[in-house]
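So this block is input_17.pdb, PDB, C-alpha atoms and all ligand atoms:
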MODEL        1
ATOM      1  CA  MET O   1     105.605 135.069  74.801
ATOM      2  CA  ASN O   2     103.949 138.296  73.598
ATOM      3  CA  VAL O   3     103.463 140.901  76.326
ATOM      4  CA  PHE O   4     101.292 144.010  76.079
ATOM      5  CA  VAL O   5     102.589 146.798  78.333
ATOM      6  CA  VAL O   6     100.141 149.482  79.461
ATOM      7  CA  GLY O   7     102.078 152.587  80.489
ATOM      8  CA  ALA O   8     105.009 151.427  78.339
ATOM      9  CA  ASN O   9     106.582 154.884  78.181
ATOM     10  CA  GLY O  10     106.783 155.113  81.977
ATOM     11  CA  LYS O  11     110.071 155.044  83.836
ATOM     12  CA  VAL O  12     109.745 151.454  85.124
ATOM     13  CA  ALA O  13     108.369 150.196  81.811
ATOM     14  CA  ARG O  14     111.209 151.736  79.767
ATOM     15  CA  HIS O  15     113.641 149.661  81.843
ATOM     16  CA  PHE O  16     111.424 146.652  81.110
ATOM     17  CA  ALA O  17     111.768 147.407  77.369
ATOM     18  CA  ASP O  18     115.558 147.416  77.764
ATOM     19  CA  PHE O  19     115.468 144.021  79.490
ATOM     20  CA  VAL O  20     113.303 142.370  76.821
ATOM     21  CA  LYS O  21     114.578 144.023  73.646
ATOM     22  CA  ASP O  22     117.161 141.302  73.011
ATOM     23  CA  ASP O  23     115.241 138.478  74.693
ATOM     24  CA  SER O  24     114.137 135.916  72.142
ATOM     25  CA  THR O  25     111.454 134.539  74.513
ATOM     26  CA  ILE O  26     109.606 137.803  75.293
ATOM     27  CA  ARG O  27     108.200 140.114  72.598
ATOM     28  CA  GLU O  28     106.764 143.391  73.859
ATOM     29  CA  VAL O  29     103.872 145.371  72.403
ATOM     30  CA  ALA O  30     104.139 148.871  73.904
ATOM     31  CA  MET O  31     100.960 150.873  74.494
ATOM     32  CA  ILE O  32     101.920 154.556  74.286
ATOM     33  CA  ARG O  33      99.907 157.779  74.155
ATOM     34  CA  LYS O  34     101.883 159.963  71.756
ATOM     35  CA  ALA O  35     103.404 159.264  68.330
ATOM     36  CA  GLU O  36     106.648 160.985  69.329
ATOM     37  CA  GLN O  37     107.158 158.356  72.064
ATOM     38  CA  ALA O  38     107.492 155.613  69.412
ATOM     39  CA  ASP O  39     111.177 156.292  68.546
ATOM     40  CA  PHE O  40     112.444 154.839  71.847
ATOM     41  CA  PHE O  41     110.640 151.562  71.097
ATOM     42  CA  GLU O  42     111.376 151.434  67.373
ATOM     43  CA  GLU O  43     115.092 151.760  68.163
ATOM     44  CA  ARG O  44     114.694 148.616  70.258
ATOM     45  CA  GLY O  45     112.645 146.692  67.671
ATOM     46  CA  ILE O  46     109.502 146.922  69.821
ATOM     47  CA  GLU O  47     106.058 147.336  68.243
ATOM     48  CA  THR O  48     103.929 150.238  69.516
ATOM     49  CA  VAL O  49     100.186 150.920  69.621
ATOM     50  CA  LEU O  50      98.798 154.407  70.194
ATOM     51  CA  LEU O  51      96.054 154.280  72.793
ATOM     52  CA  ASP O  52      94.907 156.235  75.840
ATOM     53  CA  LEU O  53      93.280 154.553  78.847
ATOM     54  CA  VAL O  54      90.889 157.471  79.302
ATOM     55  CA  LYS O  55      90.067 158.416  75.709
ATOM     56  CA  ASN O  56      89.878 154.958  74.154
ATOM     57  CA  SER O  57      87.181 152.368  74.773
ATOM     58  CA  ILE O  58      87.595 148.923  76.323
ATOM     59  CA  GLU O  59      86.822 147.452  72.883
ATOM     60  CA  GLU O  60      89.604 149.481  71.228
ATOM     61  CA  ILE O  61      92.107 148.428  73.890
ATOM     62  CA  ALA O  62      90.956 144.783  73.623
ATOM     63  CA  GLU O  63      91.413 144.870  69.845
ATOM     64  CA  ALA O  64      95.029 146.007  70.262
ATOM     65  CA  MET O  65      95.677 143.342  72.916
ATOM     66  CA  ARG O  66      94.303 140.456  70.853
ATOM     67  CA  GLY O  67      96.843 137.674  70.341
ATOM     68  CA  VAL O  68      99.182 138.524  73.224
ATOM     69  CA  ASP O  69      99.858 136.147  76.119
ATOM     70  CA  ALA O  70     100.127 138.596  79.002
ATOM     71  CA  VAL O  71      99.410 142.188  80.017
ATOM     72  CA  ILE O  72     101.534 144.299  82.350
ATOM     73  CA  PHE O  73      99.867 147.361  83.851
ATOM     74  CA  SER O  74     102.472 149.979  84.792
ATOM     75  CA  ALA O  75     100.504 153.137  83.952
ATOM     76  CA  GLY O  76      99.706 155.822  86.475
ATOM     77  CA  ALA O  77      98.631 159.414  86.830
ATOM     78  CA  GLY O  78     101.787 160.262  88.759
ATOM     79  CA  GLY O  79     101.335 163.648  90.386
ATOM     80  CA  SER O  80      98.873 164.945  87.789
ATOM     81  CA  GLY O  81      95.871 165.309  90.116
ATOM     82  CA  LEU O  82      93.198 163.349  91.938
ATOM     83  CA  GLU O  83      90.771 163.228  88.990
ATOM     84  CA  LYS O  84      93.481 161.661  86.844
ATOM     85  CA  THR O  85      94.266 159.227  89.664
ATOM     86  CA  ILE O  86      90.696 157.937  89.580
ATOM     87  CA  LEU O  87      90.589 157.941  85.764
ATOM     88  CA  ILE O  88      93.895 156.146  85.235
ATOM     89  CA  ASP O  89      95.001 154.247  88.355
ATOM     90  CA  LEU O  90      91.493 153.012  89.152
ATOM     91  CA  ASP O  91      89.185 153.096  86.113
ATOM     92  CA  GLY O  92      92.038 152.824  83.596
ATOM     93  CA  ALA O  93      93.297 149.716  85.357
ATOM     94  CA  ILE O  94      89.829 148.161  85.350
ATOM     95  CA  LYS O  95      89.413 149.043  81.651
ATOM     96  CA  ALA O  96      92.709 147.270  80.928
ATOM     97  CA  MET O  97      91.616 144.184  82.923
ATOM     98  CA  THR O  98      88.246 144.074  81.149
ATOM     99  CA  ALA O  99      89.928 144.519  77.765
ATOM    100  CA  ALA O 100      92.323 141.656  78.562
ATOM    101  CA  GLU O 101      89.398 139.386  79.383
ATOM    102  CA  GLN O 102      87.547 140.443  76.212
ATOM    103  CA  ALA O 103      90.667 139.656  74.197
ATOM    104  CA  GLY O 104      90.869 136.182  75.779
ATOM    105  CA  ILE O 105      94.131 136.877  77.644
ATOM    106  CA  LYS O 106      94.613 135.135  81.000
ATOM    107  CA  ARG O 107      97.847 136.546  82.413
ATOM    108  CA  PHE O 108      97.765 140.015  84.009
ATOM    109  CA  ILE O 109     100.540 141.595  86.063
ATOM    110  CA  MET O 110      99.752 144.709  88.072
ATOM    111  CA  VAL O 111     102.322 147.217  89.314
ATOM    112  CA  SER O 112     100.551 148.332  92.472
ATOM    113  CA  THR O 113     101.669 150.552  95.324
ATOM    114  CA  PHE O 114     103.607 149.396  98.401
ATOM    115  CA  ARG O 115     100.829 149.158 100.935
ATOM    116  CA  THR O 116      97.086 148.926 100.396
ATOM    117  CA  GLY O 117      94.309 147.714 102.726
ATOM    118  CA  ARG O 118      91.839 149.405 105.054
ATOM    119  CA  GLU O 119      94.352 150.807 107.525
ATOM    120  CA  GLU O 120      96.445 152.469 104.825
ATOM    121  CA  MET O 121      93.322 153.820 103.069
ATOM    122  CA  ALA O 122      91.971 155.325 106.304
ATOM    123  CA  ARG O 123      95.208 157.032 107.266
ATOM    124  CA  GLU O 124      95.319 160.708 106.248
ATOM    125  CA  HIS O 125      98.397 161.130 104.099
ATOM    126  CA  GLU O 126      99.527 162.695 100.858
ATOM    127  CA  LEU O 127      98.928 159.530  98.864
ATOM    128  CA  GLN O 128      95.590 158.580 100.473
ATOM    129  CA  ILE O 129      93.415 158.878  97.345
ATOM    130  CA  TYR O 130      96.079 157.202  95.224
ATOM    131  CA  THR O 131      96.250 154.369  97.765
ATOM    132  CA  ILE O 132      92.462 153.972  97.637
ATOM    133  CA  ALA O 133      92.502 153.893  93.813
ATOM    134  CA  LYS O 134      95.292 151.301  93.721
ATOM    135  CA  ASN O 135      93.640 149.240  96.474
ATOM    136  CA  TYR O 136      90.346 148.895  94.619
ATOM    137  CA  ALA O 137      92.051 148.221  91.288
ATOM    138  CA  ASP O 138      93.881 145.345  93.012
ATOM    139  CA  GLU O 139      90.637 144.145  94.630
ATOM    140  CA  TRP O 140      88.906 144.167  91.247
ATOM    141  CA  LEU O 141      91.708 142.145  89.726
ATOM    142  CA  LYS O 142      91.572 139.544  92.501
ATOM    143  CA  ASN O 143      87.817 139.299  92.987
ATOM    144  CA  ARG O 144      86.033 140.494  89.858
ATOM    145  CA  THR O 145      88.085 138.908  87.076
ATOM    146  CA  ASN O 146      89.081 135.401  86.058
ATOM    147  CA  LEU O 147      92.559 136.558  85.149
ATOM    148  CA  ASP O 148      95.741 134.787  86.244
ATOM    149  CA  TRP O 149      96.977 137.785  88.179
ATOM    150  CA  THR O 150     100.137 138.762  89.986
ATOM    151  CA  ILE O 151     100.273 141.965  92.012
ATOM    152  CA  VAL O 152     103.687 143.521  92.599
ATOM    153  CA  HIS O 153     103.906 146.052  95.453
ATOM    154  CA  PRO O 154     107.122 148.063  94.991
ATOM    155  CA  GLY O 155     108.596 150.301  97.655
ATOM    156  CA  ILE O 156     109.612 153.895  96.946
ATOM    157  CA  LEU O 157     110.830 153.992  93.351
ATOM    158  CA  ILE O 158     114.222 155.590  92.796
ATOM    159  CA  ASN O 159     116.159 156.395  89.648
ATOM    160  CA  VAL O 160     119.504 154.795  90.344
ATOM    161  CA  PRO O 161     120.931 151.800  88.473
ATOM    162  CA  GLY O 162     119.505 148.479  89.591
ATOM    163  CA  THR O 163     121.585 145.973  91.531
ATOM    164  CA  GLY O 164     119.738 142.853  90.394
ATOM    165  CA  ARG O 165     119.137 142.070  94.066
ATOM    166  CA  ILE O 166     115.808 142.388  95.854
ATOM    167  CA  LYS O 167     113.792 141.418  98.926
ATOM    168  CA  VAL O 168     110.276 140.042  98.417
ATOM    169  CA  GLY O 169     107.431 139.047 100.757
ATOM    170  CA  MET O 170     104.699 140.832 102.697
ATOM    171  CA  GLY O 171     104.696 143.001 105.823
ATOM    172  CA  HIS O 172     108.077 144.664 105.335
ATOM    173  CA  ASP O 173     108.770 148.233 106.452
ATOM    174  CA  ILE O 174     108.756 150.573 103.500
ATOM    175  CA  ASN O 175     112.065 151.242 101.825
ATOM    176  CA  GLU O 176     113.381 152.120  98.395
ATOM    177  CA  ILE O 177     113.916 150.120  95.221
ATOM    178  CA  PRO O 178     115.524 151.168  91.941
ATOM    179  CA  ARG O 179     113.008 151.264  89.081
ATOM    180  CA  GLN O 180     115.354 149.056  87.047
ATOM    181  CA  ASP O 181     115.058 146.284  89.679
ATOM    182  CA  VAL O 182     111.255 146.510  89.569
ATOM    183  CA  ALA O 183     111.436 146.071  85.798
ATOM    184  CA  GLN O 184     113.685 143.033  86.173
ATOM    185  CA  THR O 185     111.233 141.627  88.731
ATOM    186  CA  LEU O 186     108.431 141.967  86.148
ATOM    187  CA  VAL O 187     110.509 139.948  83.659
ATOM    188  CA  SER O 188     110.978 137.204  86.260
ATOM    189  CA  VAL O 189     107.276 137.226  87.132
ATOM    190  CA  LEU O 190     106.449 136.613  83.462
ATOM    191  CA  ARG O 191     108.860 133.669  83.398
ATOM    192  CA  ASN O 192     107.640 132.039  86.609
ATOM    193  CA  ASP O 193     104.080 130.780  86.797
ATOM    194  CA  ASN O 194     104.442 130.126  90.541
ATOM    195  CA  THR O 195     103.613 133.843  90.823
ATOM    196  CA  VAL O 196     100.055 133.375  89.495
ATOM    197  CA  LYS O 197      97.447 134.479  92.070
ATOM    198  CA  LYS O 198     100.157 135.895  94.340
ATOM    199  CA  GLU O 199     100.983 139.386  95.521
ATOM    200  CA  PHE O 200     104.224 140.486  97.065
ATOM    201  CA  GLU O 201     106.194 143.525  98.137
ATOM    202  CA  VAL O 202     109.499 144.166  96.417
ATOM    203  CA  LEU O 203     112.297 146.244  97.930
ATOM    204  CA  ALA O 204     116.037 146.595  97.461
ATOM    205  CA  GLY O 205     117.625 143.531  99.054
ATOM    206  CA  ASP O 206     120.218 140.774  98.917
ATOM    207  CA  SER O 207     118.559 138.057  96.827
ATOM    208  CA  ASP O 208     119.049 137.553  93.132
ATOM    209  CA  VAL O 209     115.857 138.715  91.354
ATOM    210  CA  GLU O 210     115.151 135.477  89.483
ATOM    211  CA  GLU O 211     115.868 133.337  92.579
ATOM    212  CA  ALA O 212     113.668 135.476  94.820
ATOM    213  CA  VAL O 213     110.745 135.371  92.394
ATOM    214  CA  ARG O 214     111.106 131.629  91.788
ATOM    215  CA  ARG O 215     110.922 130.995  95.547
ATOM    216  CA  LEU O 216     107.652 132.930  96.001
TER     217      LEU O 216
HETATM  218  N1  LIG E 301     106.554 156.531  92.616
HETATM  219  C1  LIG E 301     106.628 155.533  93.474
HETATM  220  O1  LIG E 301     107.412 155.553  94.440
HETATM  221  C2  LIG E 301     105.747 154.334  93.291
HETATM  222  C3  LIG E 301     105.755 153.366  94.269
HETATM  223  C4  LIG E 301     105.033 152.210  94.067
HETATM  224  C5  LIG E 301     104.328 152.045  92.874
HETATM  225  N2  LIG E 301     104.283 153.013  91.933
HETATM  226  C6  LIG E 301     103.551 152.728  90.675
HETATM  227  O2  LIG E 301     104.464 152.159  89.764
HETATM  228  C7  LIG E 301     103.978 152.321  88.422
HETATM  229  C8  LIG E 301     105.098 152.709  87.498
HETATM  230  O3  LIG E 301     105.784 153.837  87.990
HETATM  231  P1  LIG E 301     106.641 154.776  87.010
HETATM  232  O4  LIG E 301     107.557 155.569  87.853
HETATM  233  O5  LIG E 301     107.179 153.967  85.891
HETATM  234  O6  LIG E 301     105.476 155.717  86.471
HETATM  235  P2  LIG E 301     105.541 156.840  85.358
HETATM  236  O7  LIG E 301     106.932 157.053  84.872
HETATM  237  O8  LIG E 301     104.776 158.013  85.873
HETATM  238  O9  LIG E 301     104.737 156.175  84.157
HETATM  239  C9  LIG E 301     103.358 156.115  84.112
HETATM  240  C10 LIG E 301     102.949 155.884  82.669
HETATM  241  O10 LIG E 301     101.523 155.895  82.612
HETATM  242  C11 LIG E 301     101.175 156.500  81.394
HETATM  243  N3  LIG E 301      99.835 157.051  81.395
HETATM  244  C12 LIG E 301      99.374 158.117  82.094
HETATM  245  N4  LIG E 301      98.106 158.387  81.746
HETATM  246  C13 LIG E 301      97.760 157.457  80.808
HETATM  247  C14 LIG E 301      96.590 157.234  80.057
HETATM  248  N5  LIG E 301      95.503 158.002  80.171
HETATM  249  N6  LIG E 301      96.590 156.207  79.173
HETATM  250  C15 LIG E 301      97.687 155.424  79.040
HETATM  251  N7  LIG E 301      98.828 155.591  79.718
HETATM  252  C16 LIG E 301      98.858 156.602  80.596
HETATM  253  C17 LIG E 301     102.181 157.622  81.207
HETATM  254  O11 LIG E 301     102.182 157.989  79.857
HETATM  255  P3  LIG E 301     103.072 159.225  79.291
HETATM  256  O12 LIG E 301     104.471 158.711  79.258
HETATM  257  O13 LIG E 301     102.486 159.472  77.947
HETATM  258  O14 LIG E 301     102.877 160.356  80.248
HETATM  259  C18 LIG E 301     103.456 156.964  81.690
HETATM  260  O15 LIG E 301     104.128 156.364  80.613
HETATM  261  C19 LIG E 301     102.837 153.326  88.525
HETATM  262  O16 LIG E 301     101.612 152.616  88.412
HETATM  263  C20 LIG E 301     102.980 153.898  89.929
HETATM  264  O17 LIG E 301     101.735 154.258  90.440
HETATM  265  C21 LIG E 301     104.997 154.152  92.116
ENDMDL
END
As structure tokens, the full file:
Amino acid sequence: MNVFVVGANGKVARHFADFVKDDSTIREVAMIRKAEQADFFEERGIETVLLDLVKNSIEEIAEAMRGVDAVIFSAGAGGSGLEKTILIDLDGAIKAMTAAEQAGIKRFIMVSTFRTGREEMAREHELQIYTIAKNYADEWLKNRTNLDWTIVHPGILINVPGTGRIKVGMGHDINEIPRQDVAQTLVSVLRNDNTVKKEFEVLAGDSDVEEAVRRL
């Protein structure tokens, strides 16, 4: 299976690259923004394409995606400002979805935020605009595309080694999850088609990643 990763140089996606680099069943194509980011992927035998969600057109992104079986969206503006949040987390996500459809790809996996929905969007908090952007990107994916989507809602991402054990479902209280465990969850989502048209929260937990995803 060929997988196109948008936001491939991100902290979650780099763990994903480490999971798939020696996997004979998953071949990654990494979408990066800067030539100097290519070394990390070349060392792992992973092909790169240089594209930017804001600067490049849907057609250019679609051209690069052509021939792959699935897209993972793990890009984000991070803390780089509200304009960037709208440009990348909202419009960039929709550009990636539209490009996937233009390229004839069905499978699309979104790394969303933990909680979306009206209540969370209305609440005044530091991540309110980000939550709104992620919410409507998810809504677009579910309601305005014909993609075979999965939406993963991770808790607070932390940079400690993964445990390979998670908790999945909906309606949990927020908690943390190592980025490495989110990446492993994305690998399991790719392998398990029972996750098509499903969304779920993922937190640190007690269940083996593959088992938890297979049971969804
Ligand atoms: N932080 C949290 O607790 C939390 C919780 C839930 C969900 N999330 C979401 O989880 C996802 C992955 O998180 P992460 O920690 O891996 O994020 P990250 O390290 O900030 O990675 C984001 C990636 O997006 C890329 N990007 C930014 N602007 C772009 C553009 N215009 N075109 C193409 N790519 C662009 C960045 O590229 P460069 O490397 O070139 O900068 C970076 O590689 C994000 O979508 C985030 O919103 C985060």
_Neighbour residues at most 8 Å from (90.0, 151.6, 100.8) (all atoms listed in the file) as an NGL selection string_ = :O and (116-118 or 120-122 or 131-133 or 135-136)
*Apply the PyMOL selection byres (((not hetatm)) within 6 of (chain E and resi 301)) to the displayed file and report the matching residues as a PyMOL selection string.*
chain O and resi 7-13+33+52-54+74-78+88+111-114+154-157
Atoms kept (C-alpha atoms) for selection, written as a PDB file, in the frame of the given file:
ATOM      1  CA  GLY O   7     102.078 152.587  80.489  1.00  0.00           C
ATOM      2  CA  ALA O   8     105.009 151.427  78.339  1.00  0.00           C
ATOM      3  CA  ASN O   9     106.582 154.884  78.181  1.00  0.00           C
ATOM      4  CA  GLY O  10     106.783 155.113  81.977  1.00  0.00           C
ATOM      5  CA  LYS O  11     110.071 155.044  83.836  1.00  0.00           C
ATOM      6  CA  VAL O  12     109.745 151.454  85.124  1.00  0.00           C
ATOM      7  CA  ALA O  13     108.369 150.196  81.811  1.00  0.00           C
ATOM      8  CA  ARG O  33      99.907 157.779  74.155  1.00  0.00           C
ATOM      9  CA  ASP O  52      94.907 156.235  75.840  1.00  0.00           C
ATOM     10  CA  LEU O  53      93.280 154.553  78.847  1.00  0.00           C
ATOM     11  CA  VAL O  54      90.889 157.471  79.302  1.00  0.00           C
ATOM     12  CA  SER O  74     102.472 149.979  84.792  1.00  0.00           C
ATOM     13  CA  ALA O  75     100.504 153.137  83.952  1.00  0.00           C
ATOM     14  CA  GLY O  76      99.706 155.822  86.475  1.00  0.00           C
ATOM     15  CA  ALA O  77      98.631 159.414  86.830  1.00  0.00           C
ATOM     16  CA  GLY O  78     101.787 160.262  88.759  1.00  0.00           C
ATOM     17  CA  ILE O  88      93.895 156.146  85.235  1.00  0.00           C
ATOM     18  CA  VAL O 111     102.322 147.217  89.314  1.00  0.00           C
ATOM     19  CA  SER O 112     100.551 148.332  92.472  1.00  0.00           C
ATOM     20  CA  THR O 113     101.669 150.552  95.324  1.00  0.00           C
ATOM     21  CA  PHE O 114     103.607 149.396  98.401  1.00  0.00           C
ATOM     22  CA  PRO O 154     107.122 148.063  94.991  1.00  0.00           C
ATOM     23  CA  GLY O 155     108.596 150.301  97.655  1.00  0.00           C
ATOM     24  CA  ILE O 156     109.612 153.895  96.946  1.00  0.00           C
ATOM     25  CA  LEU O 157     110.830 153.992  93.351  1.00  0.00           C
TER      26      LEU O 157
END
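The set of residues that the PyMOL selection byres (((chain O and resi 214) around 12) and not hetatm) takes from this file is Val168, Thr185, Val187, Ser188, Val189, Leu190, Arg191, Asn192, Asp193, Asn194, Thr195, Val196, Ser207, Asp208, Val209, Glu210, Glu211, Ala212, Val213, Arg215 and Leu216 of chain O.
Close contacts of Ala137 in chain O, defined as residues with an atom at most 7 Å away when counting all atoms listed in the file, with chain neighbours fewer than 6 positions off set aside, comprise Leu90, Ala93 and Ile94 of chain O.
CA of Ile61 in chain O to CA of Ala103 in chain O spans 8.9 Å [interatomic distance, one decimal].
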Gly205 in chain O: which residues within 12 Å, counting only C-alpha atoms, same-chain residues fewer than 3 positions away excluded, as a PDB file with C-alpha atoms, in the coordinates of the input?
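What landed in result37.pdb:
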ATOM      1  CA  GLY O 155     108.596 150.301  97.655  1.00  0.00           C
ATOM      2  CA  GLY O 162     119.505 148.479  89.591  1.00  0.00           C
ATOM      3  CA  THR O 163     121.585 145.973  91.531  1.00  0.00           C
ATOM      4  CA  GLY O 164     119.738 142.853  90.394  1.00  0.00           C
ATOM      5  CA  ARG O 165     119.137 142.070  94.066  1.00  0.00           C
ATOM      6  CA  ILE O 166     115.808 142.388  95.854  1.00  0.00           C
ATOM      7  CA  LYS O 167     113.792 141.418  98.926  1.00  0.00           C
ATOM      8  CA  VAL O 168     110.276 140.042  98.417  1.00  0.00           C
ATOM      9  CA  GLY O 169     107.431 139.047 100.757  1.00  0.00           C
ATOM     10  CA  HIS O 172     108.077 144.664 105.335  1.00  0.00           C
ATOM     11  CA  ASN O 175     112.065 151.242 101.825  1.00  0.00           C
ATOM     12  CA  GLU O 176     113.381 152.120  98.395  1.00  0.00           C
ATOM     13  CA  ILE O 177     113.916 150.120  95.221  1.00  0.00           C
ATOM     14  CA  PRO O 178     115.524 151.168  91.941  1.00  0.00           C
ATOM     15  CA  ASP O 181     115.058 146.284  89.679  1.00  0.00           C
ATOM     16  CA  VAL O 182     111.255 146.510  89.569  1.00  0.00           C
ATOM     17  CA  GLU O 201     106.194 143.525  98.137  1.00  0.00           C
ATOM     18  CA  VAL O 202     109.499 144.166  96.417  1.00  0.00           C
ATOM     19  CA  ASP O 208     119.049 137.553  93.132  1.00  0.00           C
ATOM     20  CA  VAL O 209     115.857 138.715  91.354  1.00  0.00           C
ATOM     21  CA  ALA O 212     113.668 135.476  94.820  1.00  0.00           C
TER      22      ALA O 212
END
Give me the box for range 11-26 of chain O as JSON, namely the centre and edge lengths in Å to one decimal of a box along x, y and z that holds every listed atom plus 3 Å on each side.
{"center_x": 112.8, "center_y": 144.8, "center_z": 78.6, "size_x": 14.8, "size_y": 26.5, "size_z": 19.0}
*Run the PyMOL selection byres (((chain O and resi 40) around 12) and not hetatm) against the file shown and list the residues it catches, as a PyMOL selection string.*
chain O and resi 8-10+13-15+17-18+21+30+32+34-39+41-48
_Let me make sure I understand: among O:Phe16, O:Lys134, O:Val5, O:Ala70, which one has the smallest atom-to-atom distance to Val49 in chain O if we use only C-alpha atoms?_
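Of O:Phe16, O:Lys134, O:Val5, O:Ala70, the one nearest Val49 in chain O is O:Val5, counting only C-alpha atoms.
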*Could you work out how far CA of Arg107 in chain O lies from CA of Tyr130 in chain O, giving the answer in Å with one decimal?*
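Separating CA of Tyr130 in chain O from CA of Arg107 in chain O is a distance of 24.4 Å.
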*Identify which of the residues O:Leu82, O:Met31, O:Leu50, O:Val3 lies closest to Glu126 in chain O, counting only C-alpha atoms when measuring atom-to-atom distances.*
O:Leu82
*Work out how far apart CA of Asp148 in chain O and CA of Ala96 in chain O are and give it in Å to one decimal.*
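Separating CA of Asp148 in chain O from CA of Ala96 in chain O is a distance of 13.9 Å.
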*So, counting all atoms listed in the file, which residue among O:Asp173, O:Trp149, O:Glu199, O:Ala62 is closest to Phe4 in chain O?*
O:Ala62
*Pick from O:Thr145, O:Gly92, O:Gly79, O:Leu87: nearest to Gly104 in chain O, with all atoms listed in the file counted?*
O:Thr145
